[in-house]
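Visitor: Got a file for you: target11.cif, mmCIF, C-alpha atoms.
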data_entry
loop_
_atom_site.group_PDB
_atom_site.id
_atom_site.type_symbol
_atom_site.label_atom_id
_atom_site.label_comp_id
_atom_site.auth_asym_id
_atom_site.auth_seq_id
_atom_site.Cartn_x
_atom_site.Cartn_y
_atom_site.Cartn_z
ATOM 1 C CA MET Z 1 56.214 25.573 -15.376
ATOM 2 C CA SER Z 2 52.488 25.821 -14.883
ATOM 3 C CA LEU Z 3 52.402 28.316 -11.993
ATOM 4 C CA ASP Z 4 54.401 31.425 -11.228
ATOM 5 C CA VAL Z 5 55.001 30.715 -7.529
ATOM 6 C CA SER Z 6 56.211 33.577 -5.362
ATOM 7 C CA PRO Z 7 59.076 32.965 -2.944
ATOM 8 C CA ALA Z 8 56.682 33.584 -0.024
ATOM 9 C CA LEU Z 9 54.229 30.946 -1.256
ATOM 10 C CA LEU Z 10 57.048 28.485 -1.849
ATOM 11 C CA GLU Z 11 58.265 29.109 1.716
ATOM 12 C CA GLN Z 12 54.768 28.339 3.010
ATOM 13 C CA ALA Z 13 54.776 25.059 1.112
ATOM 14 C CA GLU Z 14 58.212 24.165 2.445
ATOM 15 C CA ARG Z 15 57.090 24.845 6.032
ATOM 16 C CA GLY Z 16 53.906 22.808 5.780
ATOM 17 C CA GLU Z 17 50.342 23.869 5.100
ATOM 18 C CA VAL Z 18 49.634 26.463 2.428
ATOM 19 C CA ASP Z 19 46.953 29.139 2.679
ATOM 20 C CA GLU Z 20 44.462 28.133 -0.018
ATOM 21 C CA ALA Z 21 43.509 31.753 -0.743
ATOM 22 C CA ALA Z 22 47.170 32.472 -1.516
ATOM 23 C CA PHE Z 23 47.276 29.414 -3.781
ATOM 24 C CA VAL Z 24 44.105 30.529 -5.591
ATOM 25 C CA ASP Z 25 45.658 33.972 -6.075
ATOM 26 C CA CYS Z 26 48.737 32.273 -7.554
ATOM 27 C CA VAL Z 27 46.491 30.356 -9.973
ATOM 28 C CA ARG Z 28 44.599 33.546 -10.919
ATOM 29 C CA ASN Z 29 47.873 35.337 -11.730
ATOM 30 C CA SER Z 30 49.584 32.383 -13.419
ATOM 31 C CA LEU Z 31 46.710 31.128 -15.568
ATOM 32 C CA PRO Z 32 44.728 34.260 -16.511
ATOM 33 C CA PHE Z 33 42.978 32.748 -19.535
ATOM 34 C CA ALA Z 34 41.758 29.713 -17.598
ATOM 35 C CA TRP Z 35 40.786 31.903 -14.641
ATOM 36 C CA GLY Z 36 38.857 34.267 -16.896
ATOM 37 C CA MET Z 37 36.985 31.482 -18.635
ATOM 38 C CA ILE Z 38 35.983 29.775 -15.409
ATOM 39 C CA SER Z 39 35.053 33.100 -13.775
ATOM 40 C CA SER Z 40 32.852 34.045 -16.710
ATOM 41 C CA LEU Z 41 31.136 30.655 -16.711
ATOM 42 C CA VAL Z 42 30.455 30.939 -12.979
ATOM 43 C CA ALA Z 43 28.961 34.407 -13.546
ATOM 44 C CA GLN Z 44 26.876 33.083 -16.462
ATOM 45 C CA LEU Z 45 25.576 30.234 -14.297
ATOM 46 C CA LYS Z 46 24.601 32.675 -11.536
ATOM 47 C CA VAL Z 47 22.827 35.033 -13.948
ATOM 48 C CA ASP Z 48 21.158 32.458 -16.204
ATOM 49 C CA GLY Z 49 20.589 29.711 -13.668
ATOM 50 C CA GLY Z 50 20.013 26.279 -15.103
ATOM 51 C CA GLU Z 51 21.855 23.030 -14.682
ATOM 52 C CA PHE Z 52 25.253 24.215 -15.993
ATOM 53 C CA ALA Z 53 27.140 26.775 -18.063
ATOM 54 C CA ASP Z 54 29.765 25.764 -20.586
ATOM 55 C CA ASN Z 55 32.221 27.092 -23.120
ATOM 56 C CA GLN Z 56 32.280 25.656 -26.628
ATOM 57 C CA THR Z 57 34.684 28.120 -28.252
ATOM 58 C CA PRO Z 58 38.246 26.879 -28.727
ATOM 59 C CA PRO Z 59 40.976 28.923 -27.034
ATOM 60 C CA PRO Z 60 42.560 31.595 -29.236
ATOM 61 C CA ASP Z 61 46.045 30.053 -29.145
ATOM 62 C CA GLU Z 62 48.181 27.251 -27.724
ATOM 63 C CA GLN Z 63 49.167 29.268 -24.656
ATOM 64 C CA ALA Z 64 45.515 29.681 -23.681
ATOM 65 C CA ARG Z 65 44.808 26.011 -24.408
ATOM 66 C CA GLY Z 66 47.753 25.044 -22.213
ATOM 67 C CA GLN Z 67 46.396 27.118 -19.357
ATOM 68 C CA LEU Z 68 43.063 25.301 -19.487
ATOM 69 C CA LEU Z 69 44.793 21.944 -19.575
ATOM 70 C CA ARG Z 70 47.035 22.817 -16.622
ATOM 71 C CA ALA Z 71 44.155 24.211 -14.562
ATOM 72 C CA LEU Z 72 41.840 21.278 -15.115
ATOM 73 C CA ALA Z 73 44.364 18.432 -15.210
ATOM 74 C CA SER Z 74 45.832 19.293 -11.813
ATOM 75 C CA ASP Z 75 43.786 17.883 -8.951
ATOM 76 C CA ALA Z 76 45.117 20.588 -6.603
ATOM 77 C CA ILE Z 77 44.318 23.474 -8.950
ATOM 78 C CA ARG Z 78 40.969 22.096 -10.030
ATOM 79 C CA GLY Z 79 39.906 21.346 -6.460
ATOM 80 C CA SER Z 80 40.926 24.804 -5.266
ATOM 81 C CA LEU Z 81 39.004 26.445 -8.100
ATOM 82 C CA GLU Z 82 35.930 24.374 -7.306
ATOM 83 C CA ARG Z 83 36.086 25.351 -3.631
ATOM 84 C CA HIS Z 84 36.807 29.002 -4.415
ATOM 85 C CA PHE Z 85 33.902 29.392 -6.835
ATOM 86 C CA GLY Z 86 31.556 26.923 -5.126
ATOM 87 C CA VAL Z 87 30.979 24.846 -8.253
ATOM 88 C CA ARG Z 88 31.915 21.533 -9.793
ATOM 89 C CA LEU Z 89 34.058 21.699 -12.925
ATOM 90 C CA ALA Z 90 33.843 19.342 -15.874
ATOM 91 C CA PHE Z 91 36.092 19.223 -18.929
ATOM 92 C CA GLN Z 92 35.872 17.716 -22.413
ATOM 93 C CA ASN Z 93 38.364 17.922 -25.259
ATOM 94 C CA CYS Z 94 40.783 20.827 -25.137
ATOM 95 C CA HIS Z 95 38.322 23.604 -24.460
ATOM 96 C CA ARG Z 96 34.848 22.568 -23.366
ATOM 97 C CA VAL Z 97 34.808 23.612 -19.739
ATOM 98 C CA ALA Z 98 31.549 23.444 -17.818
ATOM 99 C CA VAL Z 99 30.574 24.617 -14.355
ATOM 100 C CA PHE Z 100 27.833 22.904 -12.399
ATOM 101 C CA PRO Z 101 26.267 24.180 -9.176
ATOM 102 C CA LEU Z 102 26.804 22.259 -5.950
ATOM 103 C CA ASP Z 103 23.281 20.922 -6.118
ATOM 104 C CA PRO Z 104 22.347 17.243 -6.097
ATOM 105 C CA ALA Z 105 19.494 18.091 -8.477
ATOM 106 C CA VAL Z 106 22.021 18.433 -11.334
ATOM 107 C CA ASP Z 107 23.953 15.236 -10.591
ATOM 108 C CA ASP Z 108 22.293 13.396 -13.489
ATOM 109 C CA ARG Z 109 23.192 16.189 -15.916
ATOM 110 C CA LEU Z 110 26.793 16.222 -14.673
ATOM 111 C CA ALA Z 111 26.952 12.441 -15.071
ATOM 112 C CA ARG Z 112 25.705 12.721 -18.675
ATOM 113 C CA PHE Z 113 28.230 15.488 -19.442
ATOM 114 C CA THR Z 114 31.155 13.476 -18.055
ATOM 115 C CA SER Z 115 30.042 10.109 -19.445
ATOM 116 C CA ILE Z 116 31.759 8.149 -22.179
ATOM 117 C CA ARG Z 117 28.742 8.848 -24.391
ATOM 118 C CA GLY Z 118 28.997 12.578 -23.690
ATOM 119 C CA GLN Z 119 32.683 12.546 -24.560
ATOM 120 C CA LEU Z 120 32.071 10.718 -27.837
ATOM 121 C CA LEU Z 121 29.226 13.029 -28.847
ATOM 122 C CA ASN Z 122 31.472 16.049 -28.287
ATOM 123 C CA GLN Z 123 34.058 14.905 -30.856
ATOM 124 C CA SER Z 124 34.671 16.509 -34.220
ATOM 125 C CA PRO Z 125 37.450 16.354 -36.815
ATOM 126 C CA GLU Z 126 38.399 19.983 -36.016
ATOM 127 C CA LEU Z 127 39.196 19.010 -32.421
ATOM 128 C CA ARG Z 128 41.215 15.903 -33.203
ATOM 129 C CA ASP Z 129 44.588 17.581 -32.607
ATOM 130 C CA CYS Z 130 43.606 20.073 -29.941
#
How would this structure read if it were set down as structure tokens?
Guide:
Amino acid sequence: MSLDVSPALLEQAERGEVDEAAFVDCVRNSLPFAWGMISSLVAQLKVDGGEFADNQTPPPDEQARGQLLRALASDAIRGSLERHFGVRLAFQNCHRVAVFPLDPAVDDRLARFTSIRGQLLNQSPELRDC
């Protein structure tokens, strides 16, 4: 299971619309490593400025890696995180998460990061089985 969903949140979902803030809180509590990485990248982007902030350090273990994969592979989770933090998220390999500001001026940089070329240039033998 990727999220630890409270009975109250599950009831919301069964009744219809879900409060996104409650969903984001569920993500924060269920995927603390992924939340922490994305939060720190958002803070880094705000402090340093620039076109993006990214992580290039592999997760410390498979549980942490799994959290990143679950957070970024789910359209619902990823979209909620983007809206919550006010950024666009990009992902390469098993650990390279990047946050981009919601600014059309960085669209070219985001396109390069998420391109086929960008993916190929970010490969290494150490990451083959990540």
Visitor: Given all atoms listed in the file as the basis, pick out the residue of Z:Gly49, Z:Gly79, Z:Pro7, Z:Pro32 nearest to Arg65 of chain Z.
Guide: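 With all atoms listed in the file as the atom set, the closest residue is Z:Pro32.
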Visitor: Using all atoms listed in the file, which residues sit within 10 Å of Glu82 of chain Z once same-chain residues fewer than 3 positions away are excluded, as number ranges by chain?
Guide: Z: 38, 76-79, 85-89, 99-102
Visitor: Output the residue selection produced by the PyMOL selection byres ((chain Z and resi 30) around 10) on the file above, formatted as a PyMOL selection string.
Guide: chain Z and resi 1-5+24-29+31-35+67+71
Visitor: What does the distance between atom CA of His95 of chain Z and atom CA of Leu68 of chain Z come to in Å, to one decimal place?
Guide: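 Here the two named atoms are 7.1 Å from each other.
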Visitor: Provide the atom CA of Ala90 of chain Z to atom CA of Ala111 of chain Z distance in Å, to one decimal place.
Guide: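 Atom CA of Ala111 of chain Z lies 9.8 Å from atom CA of Ala90 of chain Z.
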Visitor: Rounded to one decimal, what separation in Å do you get between atom CA of Arg109 of chain Z and atom CA of Asn93 of chain Z?
Guide: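 A separation of 17.9 Å between them.
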Visitor: Tell me which of Z:Val97, Z:Gly66, Z:Gln12, Z:Leu72 sits closest to Met37 of chain Z, counting all atoms listed in the file.
Guide: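 Smallest separation from Met37 of chain Z among the options: Z:Val97.
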